[in-house]
Each structure stands twice: as C-alpha cells, then as structure tokens.
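Undergrad: data-v4.cif is reproduced in full below (mmCIF, C-alpha atoms).
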data_data
loop_
_atom_site.group_PDB
_atom_site.id
_atom_site.type_symbol
_atom_site.label_atom_id
_atom_site.label_comp_id
_atom_site.auth_asym_id
_atom_site.auth_seq_id
_atom_site.Cartn_x
_atom_site.Cartn_y
_atom_site.Cartn_z
ATOM 1 C CA MET A 15 2.920 -37.775 -69.618
ATOM 2 C CA THR A 16 3.156 -38.810 -65.968
ATOM 3 C CA SER A 17 6.691 -38.898 -64.618
ATOM 4 C CA ILE A 18 8.503 -42.189 -63.990
ATOM 5 C CA VAL A 19 8.801 -41.495 -60.246
ATOM 6 C CA VAL A 20 5.055 -40.955 -59.865
ATOM 7 C CA LEU A 21 4.263 -44.135 -61.839
ATOM 8 C CA LYS A 22 6.625 -46.209 -59.671
ATOM 9 C CA ARG A 23 4.968 -44.877 -56.516
ATOM 10 C CA ARG A 24 1.517 -45.723 -57.862
ATOM 11 C CA ILE A 25 2.596 -49.251 -58.799
ATOM 12 C CA ASN A 26 4.136 -49.879 -55.379
ATOM 13 C CA SER A 27 1.027 -48.518 -53.645
ATOM 14 C CA ILE A 28 -1.319 -50.724 -55.679
ATOM 15 C CA LYS A 29 0.896 -53.772 -55.046
ATOM 16 C CA GLY A 30 0.565 -53.173 -51.314
ATOM 17 C CA THR A 31 -3.201 -52.853 -51.621
ATOM 18 C CA ARG A 32 -3.335 -56.040 -53.683
ATOM 19 C CA GLN A 33 -1.507 -57.956 -50.953
ATOM 20 C CA ILE A 34 -4.094 -56.788 -48.408
ATOM 21 C CA THR A 35 -7.104 -57.643 -50.579
ATOM 22 C CA LYS A 36 -5.602 -61.031 -51.432
ATOM 23 C CA ALA A 37 -5.125 -61.821 -47.740
ATOM 24 C CA LEU A 38 -8.685 -60.723 -46.949
ATOM 25 C CA GLN A 39 -9.950 -62.878 -49.820
ATOM 26 C CA LEU A 40 -8.211 -65.975 -48.444
ATOM 27 C CA VAL A 41 -9.463 -65.323 -44.909
ATOM 28 C CA ALA A 42 -13.027 -64.772 -46.143
ATOM 29 C CA ALA A 43 -12.882 -67.947 -48.249
ATOM 30 C CA SER A 44 -11.848 -69.977 -45.212
ATOM 31 C CA LYS A 45 -14.578 -68.456 -43.032
ATOM 32 C CA MET A 46 -17.133 -68.822 -45.828
ATOM 33 C CA LYS A 47 -16.576 -72.565 -46.108
ATOM 34 C CA LYS A 48 -17.013 -73.085 -42.375
ATOM 35 C CA ALA A 49 -20.070 -70.798 -42.234
ATOM 36 C CA GLN A 50 -21.719 -72.585 -45.164
ATOM 37 C CA GLU A 51 -21.198 -75.985 -43.556
ATOM 38 C CA TYR A 52 -22.508 -74.701 -40.235
ATOM 39 C CA ALA A 53 -25.614 -73.195 -41.839
ATOM 40 C CA ALA A 54 -26.270 -76.280 -43.988
ATOM 41 C CA ARG A 55 -26.179 -78.636 -41.006
ATOM 42 C CA SER A 56 -29.003 -76.806 -39.219
ATOM 43 C CA ARG A 57 -31.090 -75.869 -42.274
ATOM 44 C CA SER A 58 -33.178 -79.048 -42.192
ATOM 45 C CA TYR A 59 -33.896 -78.449 -38.505
ATOM 46 C CA SER A 60 -35.016 -74.895 -39.249
ATOM 47 C CA ASP A 61 -37.261 -76.097 -42.086
ATOM 48 C CA LEU A 62 -38.804 -78.636 -39.730
ATOM 49 C CA ALA A 63 -39.377 -75.893 -37.148
ATOM 50 C CA PHE A 64 -41.220 -73.832 -39.763
ATOM 51 C CA SER A 65 -43.319 -76.856 -40.730
ATOM 52 C CA LEU A 66 -44.251 -77.461 -37.090
ATOM 53 C CA MET A 67 -45.165 -73.792 -36.703
ATOM 54 C CA GLN A 68 -47.492 -74.104 -39.677
ATOM 55 C CA LYS A 69 -49.153 -77.139 -38.116
ATOM 56 C CA LEU A 70 -49.593 -75.394 -34.790
ATOM 57 C CA SER A 71 -51.147 -72.421 -36.580
ATOM 58 C CA GLY A 72 -53.868 -74.705 -37.875
ATOM 59 C CA ILE A 73 -55.022 -75.799 -34.424
ATOM 60 C CA ASN A 74 -58.248 -73.977 -33.586
ATOM 61 C CA GLU A 75 -57.538 -74.054 -29.848
ATOM 62 C CA LEU A 76 -54.434 -71.902 -30.376
ATOM 63 C CA LYS A 77 -55.962 -69.079 -32.415
ATOM 64 C CA ASN A 78 -56.367 -66.855 -29.361
ATOM 65 C CA TYR A 79 -53.246 -68.023 -27.542
ATOM 66 C CA VAL A 80 -50.843 -65.144 -26.769
ATOM 67 C CA PHE A 81 -48.074 -66.245 -29.153
ATOM 68 C CA PHE A 82 -50.504 -66.799 -32.034
ATOM 69 C CA LYS A 83 -53.001 -64.023 -31.519
ATOM 70 C CA VAL A 84 -52.922 -61.408 -34.280
ATOM 71 C CA ARG A 85 -53.594 -57.865 -33.087
ATOM 72 C CA PRO A 86 -53.647 -54.435 -34.732
ATOM 73 C CA ILE A 87 -50.105 -53.361 -35.573
ATOM 74 C CA LYS A 88 -49.116 -50.131 -33.850
ATOM 75 C CA THR A 89 -45.464 -50.964 -33.173
ATOM 76 C CA LYS A 90 -43.088 -53.332 -34.953
ATOM 77 C CA LEU A 91 -39.826 -54.818 -33.762
ATOM 78 C CA TYR A 92 -37.206 -55.621 -36.395
ATOM 79 C CA ILE A 93 -34.247 -57.903 -35.752
ATOM 80 C CA VAL A 94 -31.776 -56.601 -38.363
ATOM 81 C CA ILE A 95 -28.750 -58.812 -39.074
ATOM 82 C CA SER A 96 -25.719 -57.134 -40.636
ATOM 83 C CA SER A 97 -21.924 -57.298 -40.365
ATOM 84 C CA ASN A 98 -19.588 -55.645 -37.877
ATOM 85 C CA SER A 99 -17.214 -54.385 -40.565
ATOM 86 C CA GLY A 100 -17.251 -53.288 -44.182
ATOM 87 C CA LEU A 101 -15.387 -54.555 -47.259
ATOM 88 C CA ALA A 102 -18.218 -57.010 -47.946
ATOM 89 C CA GLY A 103 -19.421 -55.677 -51.271
ATOM 90 C CA ALA A 104 -23.122 -54.807 -51.320
ATOM 91 C CA TYR A 105 -23.958 -56.952 -48.280
ATOM 92 C CA ASN A 106 -24.781 -54.135 -45.861
ATOM 93 C CA SER A 107 -26.152 -51.730 -48.464
ATOM 94 C CA ASN A 108 -28.641 -54.382 -49.654
ATOM 95 C CA ILE A 109 -29.892 -54.825 -46.087
ATOM 96 C CA GLN A 110 -30.182 -51.079 -45.554
ATOM 97 C CA ARG A 111 -32.065 -50.592 -48.828
ATOM 98 C CA PHE A 112 -34.501 -53.411 -47.969
ATOM 99 C CA PHE A 113 -34.981 -52.059 -44.447
ATOM 100 C CA SER A 114 -35.530 -48.511 -45.763
ATOM 101 C CA ASN A 115 -38.397 -49.704 -47.966
ATOM 102 C CA LEU A 116 -40.039 -51.365 -44.967
ATOM 103 C CA LEU A 117 -39.602 -48.217 -42.890
ATOM 104 C CA LYS A 118 -41.269 -46.194 -45.619
ATOM 105 C CA GLU A 119 -44.291 -48.518 -45.574
ATOM 106 C CA ASP A 120 -44.473 -48.393 -41.777
ATOM 107 C CA HIS A 121 -44.287 -44.596 -41.812
ATOM 108 C CA GLU A 122 -47.151 -44.420 -44.294
ATOM 109 C CA ASN A 123 -49.195 -46.722 -42.019
ATOM 110 C CA SER A 124 -48.258 -44.751 -38.871
ATOM 111 C CA VAL A 125 -46.475 -47.753 -37.363
ATOM 112 C CA LYS A 126 -43.746 -47.125 -34.797
ATOM 113 C CA VAL A 127 -40.498 -49.058 -35.216
ATOM 114 C CA LYS A 128 -38.121 -50.611 -32.724
ATOM 115 C CA VAL A 129 -34.879 -52.333 -33.704
ATOM 116 C CA ILE A 130 -32.541 -54.928 -32.245
ATOM 117 C CA ALA A 131 -29.348 -54.761 -34.305
ATOM 118 C CA ILE A 132 -27.071 -57.748 -34.795
ATOM 119 C CA GLY A 133 -23.871 -56.217 -36.147
ATOM 120 C CA ASN A 134 -22.451 -52.698 -35.970
ATOM 121 C CA LYS A 135 -23.512 -51.676 -39.473
ATOM 122 C CA ALA A 136 -27.207 -52.146 -38.696
ATOM 123 C CA ALA A 137 -26.777 -50.237 -35.435
ATOM 124 C CA HIS A 138 -25.076 -47.298 -37.177
ATOM 125 C CA PHE A 139 -27.856 -47.171 -39.746
ATOM 126 C CA ALA A 140 -30.610 -47.272 -37.094
ATOM 127 C CA ARG A 141 -28.975 -44.493 -35.061
ATOM 128 C CA ARG A 142 -29.120 -42.143 -38.040
ATOM 129 C CA ILE A 143 -32.925 -42.391 -38.248
ATOM 130 C CA GLU A 144 -34.665 -40.326 -35.608
ATOM 131 C CA SER A 145 -37.962 -42.225 -35.668
ATOM 132 C CA ILE A 146 -36.345 -45.580 -34.791
ATOM 133 C CA GLU A 147 -35.939 -46.752 -31.203
ATOM 134 C CA LEU A 148 -32.773 -48.870 -30.975
ATOM 135 C CA LEU A 149 -33.288 -51.354 -28.149
ATOM 136 C CA ALA A 150 -30.016 -53.289 -28.223
ATOM 137 C CA VAL A 151 -26.900 -54.054 -30.274
ATOM 138 C CA TYR A 152 -25.269 -57.486 -30.443
ATOM 139 C CA ASN A 153 -21.866 -57.488 -32.130
ATOM 140 C CA ASP A 154 -19.989 -60.296 -30.413
ATOM 141 C CA LEU A 155 -21.865 -63.492 -31.261
ATOM 142 C CA GLY A 156 -18.735 -65.091 -32.764
ATOM 143 C CA GLU A 157 -18.260 -66.893 -36.071
ATOM 144 C CA GLN A 158 -20.323 -69.909 -34.996
ATOM 145 C CA PRO A 159 -22.959 -68.704 -32.513
ATOM 146 C CA THR A 160 -24.604 -71.264 -30.301
ATOM 147 C CA ALA A 161 -28.130 -71.360 -28.901
ATOM 148 C CA ASN A 162 -26.809 -69.786 -25.692
ATOM 149 C CA ASP A 163 -25.447 -66.835 -27.687
ATOM 150 C CA VAL A 164 -28.821 -66.303 -29.391
ATOM 151 C CA ARG A 165 -30.959 -66.743 -26.274
ATOM 152 C CA PRO A 166 -30.606 -63.146 -24.936
ATOM 153 C CA ILE A 167 -31.978 -61.849 -28.252
ATOM 154 C CA LEU A 168 -34.782 -64.399 -28.102
ATOM 155 C CA ASN A 169 -35.700 -63.426 -24.551
ATOM 156 C CA SER A 170 -35.744 -59.736 -25.492
ATOM 157 C CA LEU A 171 -38.087 -60.095 -28.450
ATOM 158 C CA ILE A 172 -40.458 -62.406 -26.554
ATOM 159 C CA LYS A 173 -40.506 -60.011 -23.593
ATOM 160 C CA GLU A 174 -41.330 -57.066 -25.864
ATOM 161 C CA PHE A 175 -44.183 -59.010 -27.468
ATOM 162 C CA LEU A 176 -45.672 -60.400 -24.251
ATOM 163 C CA ASN A 177 -45.572 -56.966 -22.619
ATOM 164 C CA ASP A 178 -47.558 -55.536 -25.559
ATOM 165 C CA SER A 179 -44.663 -53.181 -26.309
ATOM 166 C CA VAL A 180 -44.664 -54.443 -29.906
ATOM 167 C CA ASP A 181 -47.380 -56.077 -31.977
ATOM 168 C CA GLN A 182 -45.195 -57.866 -34.542
ATOM 169 C CA VAL A 183 -41.617 -59.123 -34.674
ATOM 170 C CA ASP A 184 -39.777 -59.578 -37.987
ATOM 171 C CA ILE A 185 -36.262 -60.744 -38.786
ATOM 172 C CA ILE A 186 -34.372 -59.099 -41.655
ATOM 173 C CA TYR A 187 -31.508 -61.304 -42.835
ATOM 174 C CA THR A 188 -29.607 -62.350 -45.953
ATOM 175 C CA LYS A 189 -30.475 -65.802 -47.227
ATOM 176 C CA PHE A 190 -27.542 -67.775 -48.604
ATOM 177 C CA ILE A 191 -28.417 -69.429 -51.911
ATOM 178 C CA SER A 192 -25.008 -69.935 -53.535
ATOM 179 C CA ASN A 193 -21.533 -68.417 -53.575
ATOM 180 C CA ILE A 194 -22.661 -65.786 -56.057
ATOM 181 C CA THR A 195 -26.320 -65.426 -55.060
ATOM 182 C CA GLN A 196 -27.587 -64.075 -51.738
ATOM 183 C CA GLN A 197 -30.994 -62.568 -51.126
ATOM 184 C CA VAL A 198 -32.207 -60.209 -48.402
ATOM 185 C CA ASP A 199 -35.420 -61.551 -46.907
ATOM 186 C CA LYS A 200 -37.847 -60.960 -44.036
ATOM 187 C CA ILE A 201 -39.574 -63.538 -41.860
ATOM 188 C CA GLN A 202 -42.240 -62.953 -39.224
ATOM 189 C CA VAL A 203 -41.688 -64.786 -35.961
ATOM 190 C CA LEU A 204 -44.342 -63.151 -33.769
ATOM 191 C CA PRO A 205 -47.258 -63.488 -33.779
ATOM 192 C CA ALA A 206 -46.386 -67.067 -34.619
ATOM 193 C CA SER A 207 -49.311 -67.577 -37.001
ATOM 194 C CA THR A 208 -48.076 -68.548 -40.472
ATOM 195 C CA GLU A 209 -49.779 -69.036 -43.787
ATOM 196 C CA ILE A 210 -51.191 -72.541 -44.129
ATOM 197 C CA THR A 211 -50.718 -74.291 -47.429
ATOM 198 C CA SER A 212 -53.175 -76.893 -48.720
ATOM 199 C CA GLU A 213 -50.561 -79.622 -48.238
ATOM 200 C CA THR A 214 -49.890 -78.568 -44.654
ATOM 201 C CA ASP A 215 -53.592 -78.197 -43.930
ATOM 202 C CA GLN A 216 -54.167 -81.834 -44.788
ATOM 203 C CA GLN A 217 -51.502 -82.870 -42.293
ATOM 204 C CA VAL A 218 -52.659 -80.686 -39.422
ATOM 205 C CA GLY A 219 -55.420 -82.842 -37.997
ATOM 206 C CA HIS A 220 -56.881 -82.027 -34.608
ATOM 207 C CA PHE A 221 -54.422 -81.898 -31.742
ATOM 208 C CA SER A 222 -56.714 -81.235 -28.804
ATOM 209 C CA ASN A 223 -54.883 -83.129 -26.067
ATOM 210 C CA PHE A 224 -51.833 -81.559 -24.400
ATOM 211 C CA GLU A 225 -49.777 -82.959 -21.547
ATOM 212 C CA PRO A 226 -49.199 -81.693 -18.917
ATOM 213 C CA ASP A 227 -51.247 -78.639 -20.024
ATOM 214 C CA VAL A 228 -51.708 -76.334 -23.011
ATOM 215 C CA ASP A 229 -49.796 -73.360 -21.589
ATOM 216 C CA SER A 230 -46.688 -75.353 -20.687
ATOM 217 C CA VAL A 231 -46.493 -77.215 -23.983
ATOM 218 C CA ILE A 232 -47.215 -74.274 -26.284
ATOM 219 C CA ASN A 233 -44.937 -71.953 -24.328
ATOM 220 C CA GLU A 234 -41.975 -74.285 -24.643
ATOM 221 C CA ILE A 235 -42.603 -75.441 -28.205
ATOM 222 C CA THR A 236 -43.216 -71.983 -29.637
ATOM 223 C CA THR A 237 -40.182 -70.526 -27.887
ATOM 224 C CA ARG A 238 -37.927 -73.281 -29.238
ATOM 225 C CA LEU A 239 -39.306 -72.939 -32.771
ATOM 226 C CA ILE A 240 -38.766 -69.160 -32.768
ATOM 227 C CA GLU A 241 -35.248 -69.742 -31.458
ATOM 228 C CA ALA A 242 -34.546 -72.162 -34.318
ATOM 229 C CA ARG A 243 -35.656 -69.648 -36.951
ATOM 230 C CA LEU A 244 -33.684 -66.797 -35.362
ATOM 231 C CA TRP A 245 -30.558 -68.948 -35.085
ATOM 232 C CA GLN A 246 -30.809 -70.128 -38.688
ATOM 233 C CA SER A 247 -31.287 -66.553 -39.908
ATOM 234 C CA ILE A 248 -28.031 -65.547 -38.224
ATOM 235 C CA LEU A 249 -26.163 -68.519 -39.706
ATOM 236 C CA GLU A 250 -27.511 -67.802 -43.201
ATOM 237 C CA SER A 251 -26.468 -64.148 -42.854
ATOM 238 C CA TYR A 252 -22.942 -65.057 -41.760
ATOM 239 C CA ALA A 253 -22.517 -67.424 -44.715
ATOM 240 C CA SER A 254 -23.762 -64.710 -47.066
ATOM 241 C CA GLU A 255 -21.482 -62.077 -45.527
ATOM 242 C CA HIS A 256 -18.307 -64.140 -45.922
ATOM 243 C CA SER A 257 -19.288 -65.159 -49.443
ATOM 244 C CA MET A 258 -19.883 -61.557 -50.531
ATOM 245 C CA ARG A 259 -16.672 -60.390 -48.825
ATOM 246 C CA MET A 260 -14.672 -63.077 -50.615
ATOM 247 C CA MET A 261 -16.116 -62.064 -54.000
ATOM 248 C CA ALA A 262 -15.547 -58.359 -53.271
ATOM 249 C CA MET A 263 -11.920 -58.935 -52.303
ATOM 250 C CA LYS A 264 -11.384 -61.179 -55.326
ATOM 251 C CA ASN A 265 -12.696 -58.432 -57.615
ATOM 252 C CA ALA A 266 -10.502 -55.874 -55.854
ATOM 253 C CA THR A 267 -7.442 -58.099 -56.268
ATOM 254 C CA ASP A 268 -8.180 -58.620 -59.964
ATOM 255 C CA ASN A 269 -8.698 -54.890 -60.493
ATOM 256 C CA ALA A 270 -5.406 -54.153 -58.720
ATOM 257 C CA LYS A 271 -3.610 -56.545 -61.064
ATOM 258 C CA ASP A 272 -5.152 -54.836 -64.092
ATOM 259 C CA LEU A 273 -4.104 -51.412 -62.784
ATOM 260 C CA ILE A 274 -0.549 -52.628 -62.170
ATOM 261 C CA ASP A 275 -0.364 -53.939 -65.736
ATOM 262 C CA ASP A 276 -1.662 -50.636 -67.128
ATOM 263 C CA TYR A 277 0.724 -48.527 -65.068
ATOM 264 C CA THR A 278 3.643 -50.845 -65.877
ATOM 265 C CA LEU A 279 2.951 -50.398 -69.574
ATOM 266 C CA GLU A 280 2.770 -46.636 -69.095
ATOM 267 C CA LEU A 281 6.005 -46.747 -67.079
ATOM 268 C CA ASN A 282 7.822 -48.664 -69.825
ATOM 269 C CA THR A 283 6.502 -46.225 -72.412
ATOM 270 C CA ALA A 284 7.700 -43.252 -70.346
ATOM 271 C CA ARG A 285 11.091 -44.883 -69.775
ATOM 272 C CA GLN A 286 11.481 -45.627 -73.473
ATOM 273 C CA ALA A 287 10.507 -42.055 -74.332
ATOM 274 C CA GLY A 288 13.134 -40.796 -71.912
ATOM 275 C CA ILE A 289 15.821 -43.006 -73.450
ATOM 276 C CA THR A 290 14.849 -41.884 -76.949
ATOM 277 C CA GLN A 291 15.020 -38.242 -75.889
ATOM 278 C CA GLU A 292 18.462 -38.717 -74.343
ATOM 279 C CA LEU A 293 19.760 -40.412 -77.504
ATOM 280 C CA ALA A 294 18.375 -37.559 -79.599
ATOM 281 C CA GLU A 295 20.068 -35.010 -77.367
ATOM 282 C CA ILE A 296 23.394 -36.880 -77.563
ATOM 283 C CA SER A 297 23.128 -37.132 -81.324
ATOM 284 C CA GLY A 298 22.308 -33.445 -81.532
ATOM 285 C CA GLY A 299 25.290 -32.616 -79.351
ATOM 286 C CA VAL A 300 27.647 -34.650 -81.516
ATOM 287 C CA GLU A 301 26.396 -32.965 -84.665
ATOM 288 C CA ALA A 302 26.813 -29.564 -83.045
ATOM 289 C CA MET A 303 30.446 -30.371 -82.104
ATOM 290 C CA LYS A 304 31.204 -31.438 -85.706
ATOM 291 C CA SER A 305 29.940 -28.118 -86.966
#
What does this structure look like when you write it as structure tokens?
TA:
Amino acid sequence: MTSIVVLKRRINSIKGTRQITKALQLVAASKMKKAQEYAARSRSYSDLAFSLMQKLSGINELKNYVFFKVRPIKTKLYIVISSNSGLAGAYNSNIQRFFSNLLKEDHENSVKVKVIAIGNKAAHFARRIESIELLAVYNDLGEQPTANDVRPILNSLIKEFLNDSVDQVDIIYTKFISNITQQVDKIQVLPASTEITSETDQQVGHFSNFEPDVDSVINEITTRLIEARLWQSILESYASEHSMRMMAMKNATDNAKDLIDDYTLELNTARQAGITQELAEISGGVEAMKS
C-alpha cells in the first residue's frame, strides 16, 4: 500500500494542477464567447462573398481572366490555420492529420507544396517535412484580427499566384459548428472558379458591361471576395480553437477531481489501517506485560 506521505503529495500536486486547468477553462470560455460572436457577425458577409464568386464564375468573359483561369497544377500553396499554443485538445492534431492526407495525395501526383502558416503549431509541423517550402509564419494576428491584419497574407498568396509560382491556393481551417462540434475543412480561393449549382446558374445572367473597365472591376472585386473568405476562415478557426480548449480543460479539471477523490479514499484507508495496526500493537504490548 502506498504510504500516507506519498498520497498527500499526490493529492496536493493534483489540486495545484486542477487550479491551473480550471483557470484555463474560464479564460477559454470567455475568449470562446467573444470569438463566436465575432465569427457569427461576419458569416453572412462571407456567405455572400462566396455567392458572388459563384456568379462571377458563370460569366463567360471571365473564364480566361487571370484570377479565374484554371491551369495544370504543378505547385500548390496551402494557408494552414492552427493555434500558437497547445492544451486545445485535438484541435492541432486534427489539422495536421487532414493536412498530411492532402500532402500524401500531392506527393502521389508529383505536386510541389508551399505553406503559409498562421499559428506556431502549423509552422512547427511544416518545418519537420523536408518537401514543404515554408514561405511565412503569422502568429500575432490577435484575438480579433481585422482586415488590415489579414491583408499581408492576402497580398502574399495573390502575388504567388500572379507570378505563376503556384497554380492553386487552398485554405485549411477548422469550421465552427457548435461548442462540441468542429470540423477541419479546405476551401480553394485561387483560381477563383467555383462549382456552379443549378440555383446559382439561374441567377447568373449575362454581365457583359463593366465600368470603368473589366480589369479594374474584376481585380478589385475578386481581391475583396478572397479577403472575405480568408478572414472568415481565421475567425472560424479561432472560435473552434477556444471551444476545444475550453472542453479539454473542463475534462482535465473533472479528471483531476476524480483522481483527488480516489487518492483521498486511498489515503483514508491507509490512515485507518495505520491506526488499526497501532491499536493492535498496543493491545499486544499490554497482553505481553500481563504475562
């Protein structure tokens, strides 16, 4: 049986850990609420941006425009969104597993891969893979990034695509569905062509007139729509991260409480056994003195 001293040390250690996990849970819950509200406010705008992109994809005049032109894929650029720190449950491991499957497909198709990492965890993962070219790491966007914070990433991916350095740009992020459900997903932002549904196709029409000119309008519109999708992906990922961290810390706090209860019971049992042994020894001593 474990000694009483060892059990007391274990209980005190677990109590200290429980205080830390409880504090992290409360902090994550507060950040999660703000991140969810922030992501929800811009979600309708992002959905509208996707709808507009679908409509633009249906315009015949734009099929060969630089942002919409589909070309053979020799090099891909992935924007991988992760967290800067751990203790977020399976948040980062889910992203890495999803990304690994994509890398396997690209390797089989002889496609080179470049990465822009948002968050230290994605950067650390990319550095461990020799075949990946890590272009940049962004780890200081803040809890509520603005369009100005996202714009350097946007400019980088557009520059890579326009210079023919990459043939496709995808964003890997975690979509927030609910407090207990988050899903890793991938969206293609360049080339900007998207799948046209029958409902969207009926609404496309023929937009042949552009003012002041096609290049100016399409340049600005497409850039803003890509920015909206990139921004929303970051917001969704942040909401998912804080949600998963809160649940992970809650589970850790609950497990710590269960361990404390188990060790306390074992401590009481050991203490009672010690008292019983002492009483037996005293009784034995008394009997020996009578003899």
Undergrad: Please measure the separation of atom CA of A:Leu204 and atom CA of A:Tyr79, giving the value in Å to one decimal.
TA: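 Separation between atom CA of A:Leu204 and atom CA of A:Tyr79: 11.9 Å.
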Undergrad: To one decimal in Å, tell me the separation between atom CA of A:Lys135 and atom CA of A:Gln110.
TA: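 Here the two named atoms are 9.0 Å from each other.
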Undergrad: Compare A:Gln33, A:Asn106, A:Ser179, A:Ser97 by their minimum atom-to-atom distance to A:Lys126, counting only C-alpha atoms, and give me the closest one.
TA: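 Checking each candidate against A:Lys126, we get A:Ser179 as the closest.
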Undergrad: Evaluate the PyMOL selection byres ((chain A and resi 21) around 10) here and jot the selected residues down as a compact mmCIF listing (two decimals) with C-alpha atoms, keeping the file's coordinate frame.
TA:
# COMPACT_ATOMS: atom_id res chain seq x y z
CA THR A 16 3.16 -38.81 -65.97
CA SER A 17 6.69 -38.90 -64.62
CA ILE A 18 8.50 -42.19 -63.99
CA VAL A 19 8.80 -41.50 -60.25
CA VAL A 20 5.06 -40.96 -59.86
CA LYS A 22 6.62 -46.21 -59.67
CA ARG A 23 4.97 -44.88 -56.52
CA ARG A 24 1.52 -45.72 -57.86
CA ILE A 25 2.60 -49.25 -58.80
CA ASN A 26 4.14 -49.88 -55.38
CA SER A 27 1.03 -48.52 -53.64
CA ILE A 274 -0.55 -52.63 -62.17
CA TYR A 277 0.72 -48.53 -65.07
CA THR A 278 3.64 -50.84 -65.88
CA GLU A 280 2.77 -46.64 -69.10
CA LEU A 281 6.00 -46.75 -67.08
CA ASN A 282 7.82 -48.66 -69.82
CA ALA A 284 7.70 -43.25 -70.35
Undergrad: As JSON, please: the centre and edge lengths in Å, to one decimal, of an axis-aligned box enclosing every listed atom of stretch 127-132 of chain A with 8 Å added on each side.
TA:
{"center_x": -33.8, "center_y": -53.4, "center_z": -33.7, "size_x": 29.4, "size_y": 24.7, "size_z": 19.0}
Undergrad: Mind pulling up the distance from atom CA of A:Asp178 to atom CA of A:Thr236?
TA: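 A separation of 17.5 Å between them.
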Undergrad: With distances taken over all atoms listed in the file, which residue among A:Val129, A:Leu116, A:Leu244, A:Ile87 lies nearest A:Ser60?
TA: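 Ranking A:Val129, A:Leu116, A:Leu244, A:Ile87 by distance to A:Ser60, first place goes to A:Leu244.
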Undergrad: Residues picked by the PyMOL selection byres ((chain A and resi 248) around 10) here, as a ChimeraX atom specification?
TA: /A:53,94-96,132,155,158-159,164,185-189,243-247,249-254
Undergrad: Can you work out which one of A:Asn169, A:Gln196, A:Thr35, A:Ser65 has the shortest atom-to-atom distance to A:Ser257, counting all atoms listed in the file?
TA: A:Gln196
Undergrad: Near A:Ala131, within 10 Å and counting all atoms listed in the file, which residues show up once chain neighbours fewer than 2 positions away are dropped, as an NGL selection string?
TA: :A and (92-97 or 128-129 or 133-140 or 148-153 or 167 or 186)
Undergrad: Given the choices A:Met263, A:Val198, A:Ile191, A:Ile172, which gets closest to A:Val80 if the distance is worked out from all atoms listed in the file?
TA: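 The closest residue to A:Val80 is A:Ile172.
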Undergrad: Could you pull stretch 226-273 of chain A out of the structure just shown and give C-alpha atoms as a PDB file, in the first residue's frame?
TA:
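The resulting selection07.pdb:
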ATOM      1  CA  PRO A 226     -14.755  51.681 -65.781  1.00  0.00           C
ATOM      2  CA  ASP A 227     -13.209  48.528 -67.335  1.00  0.00           C
ATOM      3  CA  VAL A 228     -13.099  44.760 -66.845  1.00  0.00           C
ATOM      4  CA  ASP A 229      -9.596  44.600 -65.351  1.00  0.00           C
ATOM      5  CA  SER A 230     -10.236  47.242 -62.695  1.00  0.00           C
ATOM      6  CA  VAL A 231     -13.582  45.836 -61.598  1.00  0.00           C
ATOM      7  CA  ILE A 232     -12.606  42.160 -61.539  1.00  0.00           C
ATOM      8  CA  ASN A 233      -9.276  42.886 -59.869  1.00  0.00           C
ATOM      9  CA  GLU A 234     -10.901  44.750 -57.007  1.00  0.00           C
ATOM     10  CA  ILE A 235     -13.948  42.519 -56.600  1.00  0.00           C
ATOM     11  CA  THR A 236     -12.044  39.240 -56.678  1.00  0.00           C
ATOM     12  CA  THR A 237      -9.419  40.502 -54.247  1.00  0.00           C
ATOM     13  CA  ARG A 238     -12.080  41.635 -51.770  1.00  0.00           C
ATOM     14  CA  LEU A 239     -14.006  38.363 -52.051  1.00  0.00           C
ATOM     15  CA  ILE A 240     -10.859  36.293 -51.435  1.00  0.00           C
ATOM     16  CA  GLU A 241     -10.064  38.529 -48.468  1.00  0.00           C
ATOM     17  CA  ALA A 242     -13.539  37.912 -47.028  1.00  0.00           C
ATOM     18  CA  ARG A 243     -13.155  34.133 -47.255  1.00  0.00           C
ATOM     19  CA  LEU A 244      -9.649  34.188 -45.757  1.00  0.00           C
ATOM     20  CA  TRP A 245     -10.769  36.445 -42.905  1.00  0.00           C
ATOM     21  CA  GLN A 246     -13.800  34.291 -42.127  1.00  0.00           C
ATOM     22  CA  SER A 247     -11.662  31.141 -42.133  1.00  0.00           C
ATOM     23  CA  ILE A 248      -9.407  32.671 -39.483  1.00  0.00           C
ATOM     24  CA  LEU A 249     -12.376  33.734 -37.344  1.00  0.00           C
ATOM     25  CA  GLU A 250     -13.972  30.278 -37.596  1.00  0.00           C
ATOM     26  CA  SER A 251     -10.656  28.674 -36.603  1.00  0.00           C
ATOM     27  CA  TYR A 252     -10.247  30.935 -33.574  1.00  0.00           C
ATOM     28  CA  ALA A 253     -13.774  30.146 -32.369  1.00  0.00           C
ATOM     29  CA  SER A 254     -13.088  26.432 -32.803  1.00  0.00           C
ATOM     30  CA  GLU A 255      -9.741  26.654 -31.001  1.00  0.00           C
ATOM     31  CA  HIS A 256     -11.163  28.353 -27.905  1.00  0.00           C
ATOM     32  CA  SER A 257     -14.127  25.985 -27.844  1.00  0.00           C
ATOM     33  CA  MET A 258     -11.910  22.892 -28.000  1.00  0.00           C
ATOM     34  CA  ARG A 259      -9.518  24.333 -25.395  1.00  0.00           C
ATOM     35  CA  MET A 260     -12.410  25.025 -23.033  1.00  0.00           C
ATOM     36  CA  MET A 261     -13.718  21.458 -23.400  1.00  0.00           C
ATOM     37  CA  ALA A 262     -10.216  19.999 -22.970  1.00  0.00           C
ATOM     38  CA  MET A 263      -9.593  21.994 -19.799  1.00  0.00           C
ATOM     39  CA  LYS A 264     -13.042  21.108 -18.465  1.00  0.00           C
ATOM     40  CA  ASN A 265     -12.305  17.406 -18.980  1.00  0.00           C
ATOM     41  CA  ALA A 266      -8.906  17.821 -17.327  1.00  0.00           C
ATOM     42  CA  THR A 267     -10.487  19.572 -14.340  1.00  0.00           C
ATOM     43  CA  ASP A 268     -13.110  16.839 -13.982  1.00  0.00           C
ATOM     44  CA  ASN A 269     -10.460  14.121 -14.224  1.00  0.00           C
ATOM     45  CA  ALA A 270      -8.368  15.886 -11.573  1.00  0.00           C
ATOM     46  CA  LYS A 271     -11.364  15.926  -9.236  1.00  0.00           C
ATOM     47  CA  ASP A 272     -11.921  12.204  -9.783  1.00  0.00           C
ATOM     48  CA  LEU A 273      -8.247  11.475  -9.071  1.00  0.00           C
TER      49      LEU A 273
END
